[in-house]
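Structure file data.cif (mmCIF, C-alpha atoms and all ligand atoms) is printed below.
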```cif
data_structure
loop_
_atom_site.label_atom_id
_atom_site.label_comp_id
_atom_site.auth_asym_id
_atom_site.auth_seq_id
_atom_site.Cartn_x
_atom_site.Cartn_y
_atom_site.Cartn_z
CA MET E 1 -15.90 2.73 20.61
CA LYS E 2 -14.63 -0.81 21.13
CA VAL E 3 -10.90 -1.34 20.81
CA VAL E 4 -10.31 -4.91 19.66
CA THR E 5 -6.97 -6.66 19.36
CA HIS E 6 -8.08 -10.26 18.80
CA ILE E 7 -9.61 -11.73 15.68
CA GLN E 8 -12.14 -13.81 17.59
CA GLU E 9 -13.57 -10.80 19.39
CA LEU E 10 -13.75 -8.88 16.12
CA THR E 11 -15.61 -11.61 14.25
CA GLU E 12 -18.10 -12.01 17.11
CA LEU E 13 -18.89 -8.29 16.99
CA ILE E 14 -19.17 -8.34 13.20
CA LYS E 15 -21.61 -11.28 13.37
CA GLN E 16 -23.83 -9.34 15.79
CA HIS E 17 -23.99 -6.43 13.36
CA GLN E 18 -24.64 -8.75 10.42
CA LYS E 19 -27.61 -10.26 12.29
CA LYS E 20 -29.03 -6.75 12.57
CA GLN E 21 -28.36 -6.28 8.84
CA HIS E 22 -26.14 -3.28 9.55
CA SER E 23 -24.08 -1.92 6.69
CA ILE E 24 -20.39 -1.84 7.61
CA GLY E 25 -17.98 0.90 6.49
CA PHE E 26 -14.30 -0.02 6.76
CA VAL E 27 -11.24 2.24 6.79
CA PRO E 28 -7.94 0.31 6.90
CA THR E 29 -4.95 2.37 8.06
CA MET E 30 -1.44 2.08 9.43
CA GLY E 31 -2.23 4.65 12.12
CA PHE E 32 -0.55 7.89 13.16
CA LEU E 33 -3.84 9.37 12.11
CA HIS E 34 -4.15 12.70 10.35
CA GLU E 35 -6.86 14.57 8.50
CA GLY E 36 -6.48 12.30 5.46
CA HIS E 37 -7.49 9.23 7.48
CA LEU E 38 -10.16 11.20 9.33
CA THR E 39 -11.71 12.37 6.06
CA LEU E 40 -12.09 8.72 4.99
CA ALA E 41 -13.66 7.98 8.39
CA LYS E 42 -16.05 10.92 8.07
CA GLU E 43 -17.19 9.79 4.65
CA ALA E 44 -17.62 6.20 5.89
CA ARG E 45 -19.46 7.39 9.01
CA GLY E 46 -22.05 9.16 6.88
CA GLN E 47 -22.67 6.23 4.53
CA ASN E 48 -22.87 3.18 6.84
CA ASP E 49 -24.58 1.94 10.00
CA ILE E 50 -21.31 1.09 11.68
CA LEU E 51 -17.74 2.19 11.15
CA VAL E 52 -14.75 -0.11 11.56
CA MET E 53 -11.20 1.21 11.38
CA SER E 54 -8.07 -0.91 11.53
CA ILE E 55 -4.64 0.25 12.62
CA PHE E 56 -1.96 -2.19 11.59
CA VAL E 57 1.55 -1.42 10.37
CA ASN E 58 1.81 -4.32 7.97
CA PRO E 59 5.38 -5.70 7.86
CA LEU E 60 4.67 -7.56 4.62
CA GLN E 61 4.37 -4.36 2.60
CA PHE E 62 7.73 -2.94 3.74
CA GLY E 63 10.96 -3.83 1.94
CA PRO E 64 14.06 -4.91 3.91
CA ASN E 65 15.57 -1.40 3.76
CA GLU E 66 12.35 0.49 4.34
CA ASP E 67 10.97 2.20 7.42
CA PHE E 68 8.90 -0.55 9.10
CA GLU E 69 10.60 -0.12 12.48
CA ALA E 70 10.76 3.67 12.21
CA TYR E 71 7.19 4.08 10.93
CA PRO E 72 5.57 6.62 13.30
CA ARG E 73 3.17 5.15 15.87
CA ASP E 74 1.04 6.74 18.59
CA MET E 75 -1.77 4.42 19.61
CA LYS E 76 -3.07 6.54 22.47
CA ARG E 77 -3.57 9.60 20.30
CA ASP E 78 -4.98 7.45 17.47
CA GLN E 79 -7.59 5.95 19.80
CA ARG E 80 -8.75 9.40 20.83
CA LEU E 81 -8.96 10.63 17.24
CA ALA E 82 -10.75 7.47 16.07
CA GLU E 83 -13.32 7.82 18.83
CA GLU E 84 -13.88 11.49 17.92
CA ALA E 85 -14.33 10.45 14.28
CA GLY E 86 -17.19 8.15 15.27
CA VAL E 87 -15.42 4.81 14.88
CA ASP E 88 -17.46 1.98 16.45
CA ILE E 89 -14.82 -0.75 16.30
CA LEU E 90 -11.09 -0.01 16.23
CA PHE E 91 -9.19 -3.16 15.28
CA THR E 92 -5.54 -3.01 16.36
CA PRO E 93 -4.07 -6.50 15.99
CA ASN E 94 -0.40 -7.27 16.50
CA VAL E 95 1.73 -8.91 13.84
CA LYS E 96 1.34 -12.42 15.31
CA GLU E 97 -2.43 -12.11 15.24
CA MET E 98 -2.47 -11.29 11.53
CA TYR E 99 0.35 -13.63 10.46
CA GLN E 100 -0.02 -16.84 12.42
CA GLY E 101 3.02 -18.84 11.38
CA GLU E 102 4.50 -19.48 7.93
CA PRO E 103 1.98 -18.81 5.15
CA SER E 104 0.87 -21.75 3.01
CA ILE E 105 -0.28 -19.43 0.25
CA THR E 106 1.10 -16.12 -0.96
CA MET E 107 -0.47 -13.54 -3.24
CA THR E 108 1.26 -11.87 -6.19
CA VAL E 109 -0.15 -8.90 -8.06
CA GLN E 110 0.30 -9.34 -11.83
CA LYS E 111 -0.85 -6.03 -13.28
CA ARG E 112 -0.62 -2.34 -12.44
CA THR E 113 2.52 -2.92 -10.33
CA ASP E 114 5.40 -2.79 -12.82
CA VAL E 115 5.31 1.03 -12.66
CA LEU E 116 5.46 3.80 -10.01
CA CYS E 117 5.84 2.58 -6.40
CA GLY E 118 5.26 -1.03 -7.45
CA LYS E 119 8.45 -0.93 -9.51
CA LYS E 120 10.44 0.89 -6.85
CA ARG E 121 9.11 -1.22 -3.97
CA PRO E 122 9.10 -4.86 -5.14
CA GLY E 123 6.65 -6.98 -3.16
CA HIS E 124 4.94 -3.93 -1.65
CA PHE E 125 1.58 -4.49 -3.31
CA ASP E 126 1.73 -8.25 -2.69
CA GLY E 127 1.89 -7.32 1.00
CA VAL E 128 -0.97 -4.85 0.62
CA VAL E 129 -3.35 -7.30 -1.09
CA THR E 130 -2.44 -10.07 1.38
CA VAL E 131 -3.30 -8.01 4.44
CA LEU E 132 -6.43 -6.58 2.81
CA THR E 133 -7.68 -10.04 1.87
CA LYS E 134 -7.38 -11.03 5.52
CA LEU E 135 -8.99 -7.80 6.75
CA PHE E 136 -11.84 -7.91 4.21
CA HIS E 137 -12.68 -11.47 5.30
CA LEU E 138 -12.65 -10.51 8.97
CA VAL E 139 -14.56 -7.24 8.73
CA ALA E 140 -16.93 -8.27 5.90
CA PRO E 141 -17.44 -4.62 4.94
CA THR E 142 -20.21 -3.25 2.76
CA ASN E 143 -18.06 -0.29 1.72
CA VAL E 144 -14.28 0.18 1.96
CA TYR E 145 -12.58 3.59 1.85
CA PHE E 146 -9.17 4.37 0.37
CA GLY E 147 -7.40 7.64 -0.39
CA LEU E 148 -6.36 8.67 -3.89
CA LYS E 149 -3.10 9.93 -2.45
CA ASP E 150 -2.13 6.28 -2.90
CA ALA E 151 -3.63 6.10 -6.37
CA GLN E 152 -1.72 3.00 -7.44
CA GLN E 153 -2.97 1.24 -4.31
CA VAL E 154 -6.55 2.15 -5.29
CA ALA E 155 -5.93 0.79 -8.81
CA VAL E 156 -4.55 -2.49 -7.44
CA ILE E 157 -7.38 -2.89 -4.90
CA ASP E 158 -9.93 -2.18 -7.63
CA ALA E 159 -8.41 -5.06 -9.65
CA MET E 160 -8.27 -7.36 -6.61
CA ILE E 161 -11.93 -6.78 -5.72
CA LYS E 162 -12.97 -7.57 -9.29
CA ASP E 163 -10.65 -10.58 -9.75
CA PHE E 164 -11.70 -12.24 -6.49
CA PHE E 165 -15.39 -11.24 -6.49
CA PHE E 166 -15.17 -9.48 -3.13
CA ASP E 167 -18.73 -8.48 -2.35
CA LEU E 168 -17.99 -4.92 -1.36
CA HIS E 169 -17.94 -1.43 -2.79
CA LEU E 170 -14.70 0.53 -3.14
CA VAL E 171 -14.94 4.24 -2.37
CA SER E 172 -11.93 6.35 -3.38
CA VAL E 173 -11.50 9.67 -1.61
CA PRO E 174 -9.61 12.71 -2.99
CA THR E 175 -6.26 13.62 -1.42
CA VAL E 176 -6.45 15.83 1.66
CA ARG E 177 -3.80 18.56 1.67
CA GLU E 178 -2.19 21.10 3.96
CA GLU E 179 -3.01 24.73 3.14
CA ASP E 180 0.19 25.02 1.10
CA GLY E 181 -0.73 21.99 -1.01
CA LEU E 182 1.42 19.32 0.64
CA ALA E 183 -0.49 16.03 0.76
CA LYS E 184 -1.12 14.98 4.37
CA SER E 185 0.95 11.95 5.27
CA SER E 186 2.07 10.18 8.43
CA ARG E 187 5.62 10.44 7.05
CA ASN E 188 5.57 14.28 6.89
CA VAL E 189 6.80 14.36 10.51
CA TYR E 190 10.15 13.14 9.23
CA LEU E 191 10.75 16.23 7.08
CA SER E 192 13.31 18.71 8.39
CA GLU E 193 12.18 22.33 8.67
CA THR E 194 13.80 23.23 5.36
CA GLU E 195 12.39 20.14 3.63
CA ARG E 196 8.94 20.96 4.94
CA GLN E 197 9.23 24.38 3.33
CA GLU E 198 10.31 22.79 0.04
CA ALA E 199 7.74 19.99 0.04
CA PRO E 200 4.79 21.98 -1.43
CA ALA E 201 6.83 21.96 -4.66
CA LEU E 202 5.50 18.42 -5.27
CA TYR E 203 1.92 19.56 -5.71
CA ARG E 204 3.01 22.73 -7.52
CA ALA E 205 4.91 20.58 -10.00
CA LEU E 206 1.91 18.32 -10.57
CA LYS E 207 -0.44 21.26 -11.05
CA LYS E 208 2.00 22.80 -13.52
CA GLY E 209 1.87 19.58 -15.53
CA GLN E 210 -1.91 19.38 -15.33
CA THR E 211 -2.34 23.03 -16.35
CA ALA E 212 -0.11 22.51 -19.39
CA VAL E 213 -2.26 19.55 -20.48
CA GLU E 214 -5.41 21.58 -19.94
CA LYS E 215 -3.94 24.32 -22.13
CA GLY E 216 -3.43 21.80 -24.92
CA GLU E 217 -0.05 20.11 -24.36
CA ARG E 218 -0.36 16.40 -25.26
CA ASP E 219 3.27 15.25 -25.28
CA PRO E 220 4.04 13.25 -22.09
CA GLN E 221 7.76 14.08 -22.46
CA ARG E 222 7.07 17.81 -22.33
CA ILE E 223 4.90 17.37 -19.22
CA TYR E 224 7.67 15.31 -17.64
CA GLN E 225 10.12 18.20 -18.20
CA LEU E 226 7.79 20.76 -16.66
CA VAL E 227 7.26 18.64 -13.55
CA GLU E 228 10.98 17.87 -13.28
CA GLU E 229 11.92 21.55 -13.55
CA GLU E 230 9.84 22.34 -10.48
CA LEU E 231 11.04 19.34 -8.45
CA LEU E 232 14.69 20.14 -9.15
CA GLN E 233 14.22 23.30 -7.08
CA THR E 234 14.04 21.11 -3.94
CA SER E 235 16.85 19.35 -2.12
CA GLY E 236 14.98 16.05 -2.52
CA GLU E 237 16.06 13.30 -4.91
CA ILE E 238 13.49 12.56 -7.62
CA ASP E 239 12.56 8.88 -7.38
CA TYR E 240 10.13 8.94 -10.30
CA ILE E 241 7.93 11.16 -12.44
CA GLU E 242 5.50 9.08 -14.48
CA ILE E 243 2.40 9.61 -16.59
CA TYR E 244 -0.13 6.85 -17.37
CA SER E 245 -3.73 6.09 -18.10
CA TYR E 246 -5.75 5.63 -14.90
CA PRO E 247 -6.61 3.20 -13.38
CA GLU E 248 -4.99 0.83 -15.93
CA LEU E 249 -1.54 2.47 -15.54
CA ASP E 250 -0.67 1.91 -19.20
CA GLN E 251 1.92 3.95 -21.11
CA LEU E 252 0.58 6.76 -23.28
CA GLN E 253 2.14 8.09 -26.46
CA GLN E 254 -0.35 10.93 -26.58
CA LEU E 255 -2.30 12.07 -23.55
CA SER E 256 -6.00 11.25 -23.72
CA GLY E 257 -8.78 9.95 -21.47
CA LYS E 258 -8.27 9.72 -17.70
CA VAL E 259 -4.60 10.18 -16.85
CA ILE E 260 -2.42 10.26 -13.76
CA ILE E 261 0.76 12.24 -13.25
CA ALA E 262 2.50 10.68 -10.26
CA ILE E 263 5.75 11.52 -8.50
CA ALA E 264 7.91 10.30 -5.65
CA VAL E 265 10.67 12.38 -4.05
CA LYS E 266 13.14 11.18 -1.46
CA PHE E 267 14.02 13.63 1.28
CA SER E 268 16.59 12.79 3.94
CA ARG E 269 14.24 10.77 6.17
CA ALA E 270 10.99 10.63 4.23
CA ARG E 271 10.00 9.53 0.76
CA LEU E 272 6.94 11.51 -0.33
CA ILE E 273 4.49 10.56 -3.06
CA ASP E 274 1.78 12.59 -4.71
CA ASN E 275 -0.32 12.60 -7.87
CA VAL E 276 -3.01 14.32 -9.85
CA ILE E 277 -5.67 12.42 -11.80
CA PHE E 278 -7.72 14.22 -14.40
CA HIS E 279 -9.60 13.83 -17.63
CA VAL E 280 -7.84 15.01 -20.79
CA PRO E 281 -10.37 16.60 -23.11
CA GLU E 282 -10.41 15.14 -26.65
CA SER E 283 -9.28 17.67 -29.23
CA GLY E 284 -12.27 19.87 -29.92
CA GLU E 285 -13.82 18.95 -26.53
CA LYS E 286 -14.10 22.06 -24.43
CA HIS E 287 -12.28 22.10 -21.11
CA VAL E 288 -14.47 22.99 -18.14
P1 LIG E 301 -1.96 4.73 5.57
O1 LIG E 301 -2.20 4.79 7.04
O2 LIG E 301 -0.90 5.65 5.09
O3 LIG E 301 -1.85 3.32 5.05
O4 LIG E 301 -3.29 5.30 4.93
C1 LIG E 301 -4.56 4.73 5.19
C2 LIG E 301 -5.55 5.26 4.20
O5 LIG E 301 -5.62 6.67 4.30
C3 LIG E 301 -5.17 4.93 2.75
O6 LIG E 301 -6.35 4.62 2.02
C4 LIG E 301 -4.56 6.22 2.28
O7 LIG E 301 -4.66 6.40 0.88
C5 LIG E 301 -5.43 7.22 3.01
N1 LIG E 301 -4.73 8.51 3.08
C6 LIG E 301 -3.49 8.76 3.57
N2 LIG E 301 -3.17 10.05 3.40
C7 LIG E 301 -4.21 10.63 2.79
C8 LIG E 301 -4.51 11.95 2.33
N3 LIG E 301 -3.63 12.95 2.48
N4 LIG E 301 -5.69 12.18 1.72
C9 LIG E 301 -6.59 11.19 1.56
N5 LIG E 301 -6.40 9.91 1.97
C10 LIG E 301 -5.22 9.64 2.57
#
```

Show this structure as structure tokens.
Amino acid sequence: MKVVTHIQELTELIKQHQKKQHSIGFVPTMGFLHEGHLTLAKEARGQNDILVMSIFVNPLQFGPNEDFEAYPRDMKRDQRLAEEAGVDILFTPNVKEMYQGEPSITMTVQKRTDVLCGKKRPGHFDGVVTVLTKLFHLVAPTNVYFGLKDAQQVAVIDAMIKDFFFDLHLVSVPTVREEDGLAKSSRNVYLSETERQEAPALYRALKKGQTAVEKGERDPQRIYQLVEEELLQTSGEIDYIEIYSYPELDQLQQLSGKVIIAIAVKFSRARLIDNVIFHVPESGEKHV
């Protein structure tokens, strides 16, 4: 595995692989790797000639009162895990390398961001698409891998790829969970012992909502109540519970088609997000 910190070295390596017509799988991350990231890497490893992973905690996607400074980092451990996962090139630029001076152009996401985390974290997705535009140009991937744990991010990236004709294929990977259902996240280390015990309630709440829909409930308000009931059992503060079509993230009067139930809960030092995405059978359509 080559660990690369400079853009020039990265692009030289990429050019060599392009000459050999290698397909390039790319997994962008913010590091502090866990099984979620490694599952994306495993999938990418199996589907491409070479595997590039980036580790970059992107300041542009953090709000002024968010956890940019406190975001967990452990580069030594990450390098070991990346190597074990079969990464060929690990790109770990610093902030100056990625943001060289004042930008002349900024990007603003227009759709799919006025809800969920986009609403709660203004500018977050502008930061995400900015850094990904840079990374996609540098890595020139054939396939890019993102986790559905960040389902709104996948929806925004899907729109960005289509709007800007990025010549690459987006692969979305199901959420990887702990045995008790908690979605794996770099931020889980900031849960206290009690909060960690409470945290599986997020997935339980989502499954309760999904099960009710599968049993025939079609009123989003009723689903909201069921999810809320379960989340209120925790000491966390509910940031949002929302239900939309997916990936468009449009409001629904009646549940139908592909829908997402998504939640965010603030614990003392960590804000956790989770979601379920599923197809709502038309009335008369049999659920399988
Ligand atoms: P992050 O380092 O949090 O920016 O995550 C990097 C990539 O890993 C993103 O595409 C995430 O959606 C994905 N990811 C993070 N946690 C999980 C998880 N529990 N399951 C699947 N993918 C994940």

Margin query: As a quick test: using only C-alpha atoms and all ligand atoms, which residues lie no more than 6 Å away from ligand LIG 301 (chain E)? Give them as a list in words.
Written below: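 Checking only C-alpha atoms and all ligand atoms against ligand LIG 301 (chain E) at 6 Å gives Pro28, Thr29, Met30, Gly31, Gly36, His37, Phe146, Gly147, Leu148, Lys149, Asp150, Pro174, Thr175, Val176, Arg177, Ala183, Lys184 and Ser185 of chain E.
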
Next item on the list: Kindly give the distance, in Å, that separates atom CA of E:Ile273 and atom CA of E:Gly25, rounded to a single decimal.
Entry: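 Computing it gives 26.3 Å between the two atoms.
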
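Pairwise distance (atom CA of E:Phe165, atom CA of E:Val276) equals 28.6 Å.
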
Next item on the list: Determine the nearest neighbour of E:Asp78 from the options E:Phe278, E:Phe56, E:Tyr99, E:Phe32, counting only C-alpha atoms.
Entry: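 Once distances to E:Asp78 are computed over only C-alpha atoms, the minimum belongs to E:Phe32.
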
Next item on the list: Kindly provide, as a PyMOL selection string, the polymer residues lying within 12 Å of (10.0, 19.9, -7.6), counting only C-alpha atoms and using the coordinates exactly as they appear in the file.
Entry: chain E and resi 182+195+197-209+224-241+263-267+272-274

Next item on the list: Can you pull out every residue within 12 Å of E:Met75, counting all atoms listed in the file, but drop anything in the same chain fewer than 6 positions away, and send it as a PyMOL selection string?
Entry: chain E and resi 3+30-33+54-57+81-82+90-93

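Residue nearest E:His124 within the list E:Ile161, E:Leu170, E:Met53, E:Leu60: E:Leu60 [criterion: smallest interatomic distance, all atoms listed in the file].
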
Check: Smallest atom-to-atom distance to E:Gly86: which of E:Gly101, E:Val4, E:Val52, E:Gln253, using only C-alpha atoms?
Finding: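 Under the stated criterion, the closest residue is E:Val52.
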
Margin query: Between atom CA of E:Lys42 and atom CA of E:Ala85, what distance in Å does the model show, to one decimal?
Written below: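 Value for the atom CA of E:Lys42-atom CA of E:Ala85 distance: 6.5 Å.
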
Check: Leaving out E:Glu69 and any residue of its chain fewer than 5 positions from it, which residues lie within 12 Å of it when counting all atoms listed in the file, given as a PyMOL selection string?
Finding: chain E and resi 57-59+62-64

Notebook entry, point to check: Out of E:Thr133, E:Gln100, E:Gln110, E:Asn143, which residue has the shortest atom-to-atom distance to E:Glu43 when counting all atoms listed in the file?
Noted result: E:Asn143

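Closest approach to E:Leu135 from the set E:Glu97, E:Ala155, E:Lys15, E:Leu191 is made by E:Glu97, with distances taken over all atoms listed in the file.
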
Note to self: Is it possible to get the residues within 9 Å of (4.2, 7.8, 6.2) (coordinates as in the file, counting all atoms listed in the file) written as a PyMOL selection string?
What the structure shows: chain E and resi 30+32+67+71-72+185-190+270-272

Next item on the list: Go through E:Ile89, E:Ala159, E:Val27, E:Leu138 one by one, measure the shortest atom-to-atom distance of each to E:Gln8 using all atoms listed in the file, and give the residue with the smallest value.
Entry: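 For E:Gln8, the nearest of the given residues is E:Leu138.
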
Axis-aligned box for stretch 61-71 of chain E, 5 Å per side, centre and edges in Å as AutoDock Vina command-line options:
```
--center_x 10.0 --center_y -0.4 --center_z 7.2 --size_x 21.2 --size_y 19.0 --size_z 20.5
```

Missing atoms in stretch 44-70 of chain E need filling: write out N, CA, C and O atoms for it as a PDB file, in the frame of the given file.
```
ATOM      1  N   ALA E  44     -17.088   7.526   5.549  1.00  0.00           N
ATOM      2  CA  ALA E  44     -17.620   6.200   5.890  1.00  0.00           C
ATOM      3  C   ALA E  44     -18.726   6.310   6.951  1.00  0.00           C
ATOM      4  O   ALA E  44     -19.737   5.620   6.892  1.00  0.00           O
ATOM      5  N   ARG E  45     -18.488   7.191   7.918  1.00  0.00           N
ATOM      6  CA  ARG E  45     -19.460   7.390   9.010  1.00  0.00           C
ATOM      7  C   ARG E  45     -20.833   7.779   8.435  1.00  0.00           C
ATOM      8  O   ARG E  45     -21.872   7.306   8.875  1.00  0.00           O
ATOM      9  N   GLY E  46     -20.806   8.654   7.453  1.00  0.00           N
ATOM     10  CA  GLY E  46     -22.050   9.160   6.880  1.00  0.00           C
ATOM     11  C   GLY E  46     -22.769   8.158   5.989  1.00  0.00           C
ATOM     12  O   GLY E  46     -23.947   8.330   5.697  1.00  0.00           O
ATOM     13  N   GLN E  47     -22.067   7.115   5.541  1.00  0.00           N
ATOM     14  CA  GLN E  47     -22.670   6.230   4.530  1.00  0.00           C
ATOM     15  C   GLN E  47     -22.980   4.828   5.043  1.00  0.00           C
ATOM     16  O   GLN E  47     -23.391   3.975   4.262  1.00  0.00           O
ATOM     17  N   ASN E  48     -22.698   4.546   6.335  1.00  0.00           N
ATOM     18  CA  ASN E  48     -22.870   3.180   6.840  1.00  0.00           C
ATOM     19  C   ASN E  48     -23.470   3.193   8.242  1.00  0.00           C
ATOM     20  O   ASN E  48     -23.357   4.186   8.964  1.00  0.00           O
ATOM     21  N   ASP E  49     -24.039   2.031   8.640  1.00  0.00           N
ATOM     22  CA  ASP E  49     -24.580   1.940  10.000  1.00  0.00           C
ATOM     23  C   ASP E  49     -23.469   1.877  11.031  1.00  0.00           C
ATOM     24  O   ASP E  49     -23.582   2.467  12.097  1.00  0.00           O
ATOM     25  N   ILE E  50     -22.425   1.117  10.729  1.00  0.00           N
ATOM     26  CA  ILE E  50     -21.310   1.090  11.680  1.00  0.00           C
ATOM     27  C   ILE E  50     -19.984   1.342  10.950  1.00  0.00           C
ATOM     28  O   ILE E  50     -19.849   1.112   9.737  1.00  0.00           O
ATOM     29  N   LEU E  51     -19.041   1.832  11.723  1.00  0.00           N
ATOM     30  CA  LEU E  51     -17.740   2.190  11.150  1.00  0.00           C
ATOM     31  C   LEU E  51     -16.630   1.400  11.856  1.00  0.00           C
ATOM     32  O   LEU E  51     -16.477   1.463  13.076  1.00  0.00           O
ATOM     33  N   VAL E  52     -15.891   0.644  11.045  1.00  0.00           N
ATOM     34  CA  VAL E  52     -14.750  -0.110  11.560  1.00  0.00           C
ATOM     35  C   VAL E  52     -13.487   0.514  10.980  1.00  0.00           C
ATOM     36  O   VAL E  52     -13.414   0.800   9.783  1.00  0.00           O
ATOM     37  N   MET E  53     -12.516   0.760  11.855  1.00  0.00           N
ATOM     38  CA  MET E  53     -11.200   1.210  11.380  1.00  0.00           C
ATOM     39  C   MET E  53     -10.161   0.213  11.876  1.00  0.00           C
ATOM     40  O   MET E  53     -10.287  -0.298  12.999  1.00  0.00           O
ATOM     41  N   SER E  54      -9.173  -0.088  11.034  1.00  0.00           N
ATOM     42  CA  SER E  54      -8.070  -0.910  11.530  1.00  0.00           C
ATOM     43  C   SER E  54      -6.804  -0.067  11.562  1.00  0.00           C
ATOM     44  O   SER E  54      -6.620   0.848  10.738  1.00  0.00           O
ATOM     45  N   ILE E  55      -5.971  -0.352  12.551  1.00  0.00           N
ATOM     46  CA  ILE E  55      -4.640   0.250  12.620  1.00  0.00           C
ATOM     47  C   ILE E  55      -3.662  -0.901  12.697  1.00  0.00           C
ATOM     48  O   ILE E  55      -3.635  -1.657  13.676  1.00  0.00           O
ATOM     49  N   PHE E  56      -2.901  -1.071  11.624  1.00  0.00           N
ATOM     50  CA  PHE E  56      -1.960  -2.190  11.590  1.00  0.00           C
ATOM     51  C   PHE E  56      -0.817  -1.811  10.652  1.00  0.00           C
ATOM     52  O   PHE E  56      -1.031  -1.592   9.459  1.00  0.00           O
ATOM     53  N   VAL E  57       0.377  -1.682  11.219  1.00  0.00           N
ATOM     54  CA  VAL E  57       1.550  -1.420  10.370  1.00  0.00           C
ATOM     55  C   VAL E  57       1.988  -2.788   9.854  1.00  0.00           C
ATOM     56  O   VAL E  57       2.492  -3.624  10.603  1.00  0.00           O
ATOM     57  N   ASN E  58       1.707  -2.992   8.570  1.00  0.00           N
ATOM     58  CA  ASN E  58       1.810  -4.320   7.970  1.00  0.00           C
ATOM     59  C   ASN E  58       3.241  -4.612   7.504  1.00  0.00           C
ATOM     60  O   ASN E  58       3.677  -4.084   6.488  1.00  0.00           O
ATOM     61  N   PRO E  59       3.971  -5.483   8.217  1.00  0.00           N
ATOM     62  CA  PRO E  59       5.380  -5.700   7.860  1.00  0.00           C
ATOM     63  C   PRO E  59       5.557  -6.206   6.436  1.00  0.00           C
ATOM     64  O   PRO E  59       6.566  -5.923   5.783  1.00  0.00           O
ATOM     65  N   LEU E  60       4.537  -6.926   5.943  1.00  0.00           N
ATOM     66  CA  LEU E  60       4.670  -7.560   4.620  1.00  0.00           C
ATOM     67  C   LEU E  60       4.760  -6.544   3.476  1.00  0.00           C
ATOM     68  O   LEU E  60       5.233  -6.876   2.388  1.00  0.00           O
ATOM     69  N   GLN E  61       4.326  -5.325   3.691  1.00  0.00           N
ATOM     70  CA  GLN E  61       4.370  -4.360   2.600  1.00  0.00           C
ATOM     71  C   GLN E  61       5.584  -3.427   2.685  1.00  0.00           C
ATOM     72  O   GLN E  61       5.693  -2.485   1.912  1.00  0.00           O
ATOM     73  N   PHE E  62       6.484  -3.714   3.622  1.00  0.00           N
ATOM     74  CA  PHE E  62       7.730  -2.940   3.740  1.00  0.00           C
ATOM     75  C   PHE E  62       8.887  -3.776   3.207  1.00  0.00           C
ATOM     76  O   PHE E  62       8.988  -4.969   3.526  1.00  0.00           O
ATOM     77  N   GLY E  63       9.761  -3.145   2.414  1.00  0.00           N
ATOM     78  CA  GLY E  63      10.960  -3.830   1.940  1.00  0.00           C
ATOM     79  C   GLY E  63      11.985  -3.904   3.063  1.00  0.00           C
ATOM     80  O   GLY E  63      11.855  -3.212   4.080  1.00  0.00           O
ATOM     81  N   PRO E  64      13.047  -4.721   2.867  1.00  0.00           N
ATOM     82  CA  PRO E  64      14.060  -4.910   3.910  1.00  0.00           C
ATOM     83  C   PRO E  64      14.750  -3.602   4.334  1.00  0.00           C
ATOM     84  O   PRO E  64      15.125  -3.448   5.490  1.00  0.00           O
ATOM     85  N   ASN E  65      14.897  -2.653   3.390  1.00  0.00           N
ATOM     86  CA  ASN E  65      15.570  -1.400   3.760  1.00  0.00           C
ATOM     87  C   ASN E  65      14.602  -0.247   3.949  1.00  0.00           C
ATOM     88  O   ASN E  65      14.976   0.922   3.877  1.00  0.00           O
ATOM     89  N   GLU E  66      13.334  -0.574   4.162  1.00  0.00           N
ATOM     90  CA  GLU E  66      12.350   0.490   4.340  1.00  0.00           C
ATOM     91  C   GLU E  66      12.088   0.753   5.826  1.00  0.00           C
ATOM     92  O   GLU E  66      12.741   0.167   6.691  1.00  0.00           O
ATOM     93  N   ASP E  67      11.094   1.633   6.073  1.00  0.00           N
ATOM     94  CA  ASP E  67      10.970   2.200   7.420  1.00  0.00           C
ATOM     95  C   ASP E  67       9.959   1.496   8.327  1.00  0.00           C
ATOM     96  O   ASP E  67       9.279   2.154   9.105  1.00  0.00           O
ATOM     97  N   PHE E  68       9.876   0.146   8.249  1.00  0.00           N
ATOM     98  CA  PHE E  68       8.900  -0.550   9.100  1.00  0.00           C
ATOM     99  C   PHE E  68       9.097  -0.226  10.585  1.00  0.00           C
ATOM    100  O   PHE E  68       8.159   0.158  11.284  1.00  0.00           O
ATOM    101  N   GLU E  69      10.326  -0.363  11.052  1.00  0.00           N
ATOM    102  CA  GLU E  69      10.600  -0.120  12.480  1.00  0.00           C
ATOM    103  C   GLU E  69      10.352   1.353  12.831  1.00  0.00           C
ATOM    104  O   GLU E  69       9.814   1.669  13.878  1.00  0.00           O
ATOM    105  N   ALA E  70      10.813   2.233  11.919  1.00  0.00           N
ATOM    106  CA  ALA E  70      10.760   3.670  12.210  1.00  0.00           C
ATOM    107  C   ALA E  70       9.407   4.295  11.881  1.00  0.00           C
ATOM    108  O   ALA E  70       9.205   5.481  12.127  1.00  0.00           O
TER     109      ALA E  70
END
```
